[in-house]
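Peer 1: My structure is stored as query32.cif, with mmCIF, C-alpha atoms.
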data_data
loop_
_atom_site.label_atom_id
_atom_site.label_comp_id
_atom_site.auth_asym_id
_atom_site.auth_seq_id
_atom_site.Cartn_x
_atom_site.Cartn_y
_atom_site.Cartn_z
CA MET A 1 0.39 43.48 11.88
CA ALA A 2 0.47 45.43 15.16
CA GLY A 3 -1.66 48.56 15.13
CA PHE A 4 -4.21 47.31 12.61
CA GLY A 5 -7.76 46.17 13.34
CA ALA A 6 -10.53 44.96 11.06
CA ILE A 7 -14.25 45.54 10.77
CA ILE A 8 -16.09 42.74 8.98
CA LEU A 9 -19.52 43.87 7.80
CA ALA A 10 -21.92 40.96 8.34
CA ALA A 11 -25.17 42.79 9.06
CA GLY A 12 -26.76 42.88 5.61
CA LEU A 13 -30.17 41.50 4.69
CA SER A 14 -28.96 39.49 1.66
CA SER A 15 -32.05 40.90 -0.03
CA ARG A 16 -31.08 39.56 -3.45
CA MET A 17 -30.86 36.02 -2.07
CA VAL A 18 -33.43 34.04 -0.11
CA ASP A 19 -30.72 32.60 2.13
CA ASN A 20 -28.26 34.57 4.21
CA LYS A 21 -25.35 34.53 1.78
CA LEU A 22 -22.75 34.84 4.52
CA LEU A 23 -23.72 31.41 5.87
CA LEU A 24 -23.58 29.62 2.52
CA PRO A 25 -20.88 26.96 2.03
CA TRP A 26 -17.66 28.07 0.39
CA THR A 27 -14.53 25.89 0.16
CA ASP A 28 -12.68 23.48 2.46
CA GLY A 29 -15.54 23.34 4.93
CA GLU A 30 -15.71 27.11 5.30
CA THR A 31 -18.73 29.34 4.90
CA ILE A 32 -18.44 32.68 3.13
CA ILE A 33 -18.16 34.61 6.40
CA SER A 34 -15.68 32.21 8.00
CA GLN A 35 -13.49 32.39 4.87
CA VAL A 36 -13.43 36.18 5.17
CA VAL A 37 -12.52 36.06 8.85
CA SER A 38 -9.86 33.40 8.25
CA ALA A 39 -7.97 35.71 5.90
CA TYR A 40 -7.62 38.35 8.62
CA VAL A 41 -6.66 35.80 11.24
CA ASP A 42 -4.02 34.38 8.88
CA ALA A 43 -2.69 37.89 8.24
CA GLY A 44 -2.29 38.48 11.97
CA VAL A 45 -4.82 41.31 12.23
CA ASP A 46 -6.07 41.90 15.78
CA PRO A 47 -8.60 42.96 16.93
CA ILE A 48 -11.26 41.76 14.48
CA ILE A 49 -14.79 43.10 14.92
CA VAL A 50 -17.70 41.38 13.17
CA VAL A 51 -20.77 43.61 12.84
CA THR A 52 -23.91 41.47 12.89
CA GLY A 53 -27.50 42.09 11.87
CA ARG A 54 -29.63 39.44 10.22
CA ASP A 55 -29.23 35.98 11.81
CA ALA A 56 -26.85 37.44 14.39
CA GLU A 57 -26.92 34.38 16.65
CA THR A 58 -26.20 32.01 13.78
CA VAL A 59 -23.36 34.16 12.45
CA THR A 60 -21.86 34.39 15.94
CA ALA A 61 -22.10 30.62 16.40
CA GLN A 62 -20.51 30.04 13.00
CA LEU A 63 -17.46 32.03 14.10
CA ALA A 64 -17.23 30.74 17.67
CA SER A 65 -13.84 29.11 17.12
CA TYR A 66 -12.17 32.41 16.23
CA CYS A 67 -10.73 34.95 18.65
CA LEU A 68 -12.74 38.01 17.69
CA SER A 69 -15.48 40.33 18.94
CA PHE A 70 -19.02 40.99 17.80
CA VAL A 71 -21.12 44.11 17.77
CA HIS A 72 -24.76 44.07 16.73
CA ASN A 73 -26.08 46.83 14.48
CA PRO A 74 -29.67 47.44 15.62
CA GLU A 75 -30.28 49.48 12.46
CA PHE A 76 -29.36 46.62 10.11
CA ALA A 77 -32.87 46.33 8.65
CA THR A 78 -33.25 50.01 7.81
CA GLY A 79 -29.77 51.50 7.91
CA GLU A 80 -27.33 51.56 5.06
CA ILE A 81 -23.82 50.09 5.24
CA LEU A 82 -22.63 53.28 6.93
CA SER A 83 -24.45 52.36 10.15
CA SER A 84 -22.47 49.12 10.33
CA VAL A 85 -19.18 50.87 9.62
CA LYS A 86 -19.89 53.30 12.44
CA ALA A 87 -20.84 50.49 14.84
CA GLY A 88 -17.55 48.77 14.07
CA LEU A 89 -15.43 51.90 14.47
CA ARG A 90 -17.00 52.68 17.84
CA SER A 91 -16.01 49.20 19.02
CA LEU A 92 -12.32 49.47 18.10
CA PRO A 93 -9.71 50.80 20.52
CA ASN A 94 -8.52 54.28 19.60
CA THR A 95 -4.92 53.17 20.09
CA LEU A 96 -4.93 51.51 16.66
CA ASP A 97 -3.24 53.15 13.67
CA ALA A 98 -5.84 52.07 11.11
CA ALA A 99 -8.68 49.62 10.48
CA PHE A 100 -9.56 47.45 7.51
CA ILE A 101 -13.20 47.73 6.46
CA GLN A 102 -14.33 44.59 4.67
CA PRO A 103 -17.72 43.48 3.34
CA GLY A 104 -18.57 40.01 4.61
CA ASP A 105 -19.55 38.73 1.16
CA MET A 106 -16.08 38.91 -0.43
CA PRO A 107 -14.39 35.58 0.43
CA CYS A 108 -11.72 35.80 -2.29
CA ILE A 109 -9.76 38.55 -0.56
CA THR A 110 -6.63 36.85 0.70
CA SER A 111 -4.27 37.37 3.60
CA ALA A 112 -1.57 38.27 1.04
CA VAL A 113 -3.61 41.25 -0.17
CA ILE A 114 -4.29 42.32 3.41
CA ARG A 115 -0.56 42.29 4.16
CA GLN A 116 0.18 44.16 0.93
CA LEU A 117 -2.21 46.96 1.87
CA ALA A 118 -0.83 47.16 5.40
CA ALA A 119 2.70 47.47 4.03
CA ALA A 120 1.63 50.44 1.88
CA ARG A 121 0.12 52.40 4.73
CA GLU A 122 1.70 55.60 6.03
CA PRO A 123 0.42 57.78 8.88
CA GLY A 124 -2.52 59.88 7.77
CA VAL A 125 -3.00 57.94 4.53
CA ASN A 126 -5.88 55.64 3.59
CA VAL A 127 -5.19 52.62 1.39
CA ALA A 128 -7.34 50.69 -1.11
CA PRO A 129 -6.57 47.99 -3.68
CA VAL A 130 -7.00 48.34 -7.43
CA TYR A 131 -7.44 45.44 -9.82
CA GLN A 132 -7.11 46.25 -13.53
CA GLY A 133 -8.16 49.84 -12.95
CA GLN A 134 -11.11 49.03 -10.69
CA ARG A 135 -10.96 50.05 -7.04
CA GLY A 136 -11.92 47.30 -4.64
CA HIS A 137 -11.98 46.17 -1.02
CA PRO A 138 -10.91 46.20 1.71
CA VAL A 139 -10.22 49.82 2.54
CA LEU A 140 -7.60 50.49 5.19
CA LEU A 141 -8.97 53.55 6.98
CA ASP A 142 -6.38 55.56 8.86
CA ARG A 143 -7.38 56.58 12.38
CA ALA A 144 -7.11 60.23 11.37
CA PHE A 145 -10.32 59.71 9.36
CA TRP A 146 -12.38 57.76 11.88
CA ARG A 147 -14.04 60.89 13.26
CA ALA A 148 -14.94 62.06 9.75
CA MET A 149 -16.59 58.68 9.12
CA LEU A 150 -18.48 58.78 12.42
CA ASP A 151 -19.68 62.32 11.69
CA LEU A 152 -21.20 61.47 8.30
CA SER A 153 -24.94 62.00 8.06
CA ALA A 154 -27.17 58.94 7.83
CA ASP A 155 -27.78 59.44 4.11
CA ALA A 156 -24.06 59.58 3.27
CA ARG A 157 -21.84 56.72 2.12
CA PRO A 158 -18.52 55.54 3.56
CA ARG A 159 -16.79 56.30 0.26
CA ASP A 160 -17.57 59.99 0.81
CA VAL A 161 -14.74 60.14 3.34
CA LEU A 162 -12.26 58.74 0.83
CA GLN A 163 -13.48 60.97 -1.98
CA GLY A 164 -13.19 63.99 0.27
CA ALA A 165 -9.53 63.23 0.90
CA ARG A 166 -8.30 61.94 -2.46
CA ASP A 167 -4.84 63.35 -1.82
CA ARG A 168 -4.63 61.10 1.26
CA LEU A 169 -5.67 57.89 -0.54
CA ARG A 170 -3.03 55.45 -1.78
CA LEU A 171 -4.22 53.02 -4.44
CA VAL A 172 -2.29 49.75 -4.52
CA ALA A 173 -2.32 47.64 -7.68
CA VAL A 174 -2.93 43.96 -6.87
CA ASP A 175 -3.00 40.84 -9.01
CA GLU A 176 -5.99 39.23 -7.28
CA LYS A 177 -9.44 39.69 -8.78
CA GLY A 178 -10.99 38.84 -5.42
CA VAL A 179 -10.80 42.48 -4.33
CA VAL A 180 -13.61 43.34 -6.78
CA LEU A 181 -15.69 40.14 -6.49
CA ASP A 182 -18.68 40.22 -4.18
CA LEU A 183 -21.44 37.65 -4.02
CA ASP A 184 -24.60 39.74 -4.20
CA THR A 185 -26.62 37.26 -6.23
CA ARG A 186 -27.14 33.50 -6.40
CA GLU A 187 -25.54 33.50 -9.85
CA ALA A 188 -22.42 35.25 -8.57
CA TYR A 189 -22.24 32.79 -5.69
CA GLU A 190 -22.50 29.76 -7.93
CA ARG A 191 -19.86 31.12 -10.31
CA GLY A 192 -17.53 31.84 -7.44
CA LEU A 193 -18.16 28.51 -5.79
CA GLY A 194 -17.13 26.70 -8.93
CA ARG A 195 -13.99 28.79 -9.30
CA GLY A 196 -13.07 29.20 -5.65
CA CYS A 197 -10.39 31.73 -4.73
#
Can you dump the structure from the file as structure tokens?
Peer 2:
Amino acid sequence: MAGFGAIILAAGLSSRMVDNKLLLPWTDGETIISQVVSAYVDAGVDPIIVVTGRDAETVTAQLASYCLSFVHNPEFATGEILSSVKAGLRSLPNTLDAAFIQPGDMPCITSAVIRQLAAAREPGVNVAPVYQGQRGHPVLLDRAFWRAMLDLSADARPRDVLQGARDRLRLVAVDEKGVVLDLDTREAYERGLGRGC
């Protein structure tokens, strides 16, 4: 997995939950955020950047056993997801070929999917998974598009970069529903917890 880094977005407010969803228990003693990180570690991705916001110290402590780096997004309370993506990109070495961008609330994305996306990557091409016709996460953003992402205005969305270069986006069909399952609500969390990955 040489040449690939990862940005794990862990700065959100979890506004639809009282608790910070990333710190909720998942399976086998893992929390949601540690499950997400574990998949990238298992896939051999390095470096891994975790972008923190709410409960930054607790999130950092939760992941202390992993070899990764943290960057705090000071705009986490008012900025959209784009501000976290930019913070992560600025923290990655520019010698990488591409970087996975992964929301921290999607613990059912596996190391197998991460490897599958990496295998599909070609220079100058972004990669995203598709499950039963629905595009999911993570996105593998080629370095050629990092500057375009960093140059987006504050009111833009990360997907604008992908939509602006559709001819440079490879969609990879996967068999794992986890690429489209996030845990935005307590109900989604409880359903996922019962099912696991």
Peer 1: Which residue out of A:Ala144, A:Leu183, A:Val161, A:Leu22 has the minimum interatomic distance to Thr95 in chain A when only C-alpha atoms are used?
Peer 2: A:Ala144
Peer 1: Might you spell out which residues the PyMOL selection byres ((chain A and resi 37-48) around 7) would select in the displayed file, as a compact mmCIF listing (two decimals) with C-alpha atoms, in the frame of the given file?
Peer 2:
# COMPACT_ATOMS: atom_id res chain seq x y z
CA MET A 1 0.39 43.48 11.88
CA PHE A 4 -4.21 47.31 12.61
CA GLY A 5 -7.76 46.17 13.34
CA ALA A 6 -10.53 44.96 11.06
CA ILE A 7 -14.25 45.54 10.77
CA ILE A 33 -18.16 34.61 6.40
CA SER A 34 -15.68 32.21 8.00
CA GLN A 35 -13.49 32.39 4.87
CA VAL A 36 -13.43 36.18 5.17
CA ILE A 49 -14.79 43.10 14.92
CA VAL A 50 -17.70 41.38 13.17
CA LEU A 68 -12.74 38.01 17.69
CA SER A 69 -15.48 40.33 18.94
CA THR A 110 -6.63 36.85 0.70
CA SER A 111 -4.27 37.37 3.60
CA ILE A 114 -4.29 42.32 3.41
CA ARG A 115 -0.56 42.29 4.16
Peer 1: When distances are computed from all atoms listed in the file, which of A:Val71, A:Tyr66, A:Ala87, A:Val59 shows the smallest separation from Leu150 in chain A?
Peer 2: A:Ala87
Peer 1: Produce the centre coordinates and the three edge lengths, each in Å to one decimal, of the box along x, y and z that contains all listed atoms of range 151-156 of chain A with 4 Å added on each side, as lines of an AutoDock Vina configuration file.
Peer 2:
center_x = -23.7
center_y = 60.6
center_z = 7.5
size_x = 16.1
size_y = 11.4
size_z = 16.4
Peer 1: Taking into account only C-alpha atoms, which residue in the set A:Thr52, A:Thr185, A:Gln116, A:Thr58 is nearest to Ile81 in chain A?
Peer 2: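 Using only C-alpha atoms, the shortest distance to Ile81 in chain A belongs to A:Thr52.
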Peer 1: Convert the output of the PyMOL selection byres ((chain A and resi 148) around 10) on the shown file into explicit residues, formatted as number ranges by chain.
Peer 2: A: 143-147, 149-152, 158, 160-162, 164
Peer 1: Of the candidates A:Val51, A:Met106, A:Glu75, A:Ser65, which shows the shortest atom-to-atom distance to Arg90 in chain A, using only C-alpha atoms?
Peer 2: A:Val51
Peer 1: Of the candidates A:Ser91, A:Ala154, A:Pro103, A:Ala165, which one gets nearest to Val125 in chain A if we count all atoms listed in the file?
Peer 2: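 Of all the options, A:Ala165 lies closest to Val125 in chain A.
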Peer 1: For range 133-141 of chain A, list every protein, DNA or RNA residue within 7 Å, evaluated using all atoms listed in the file, and leave out those in the same chain fewer than 4 positions away; present the list as a VMD selection string.
Peer 2: chain A and resid 98 to 102 126 to 129 145 179 to 180
Peer 1: Kindly provide, as a ChimeraX atom specification, the polymer residues lying within 12 Å of (-27.5, 53.0, 11.0), counting only C-alpha atoms and using the coordinates exactly as they appear in the file.
Peer 2: /A:11-12,51,53,72-88,150,152-158
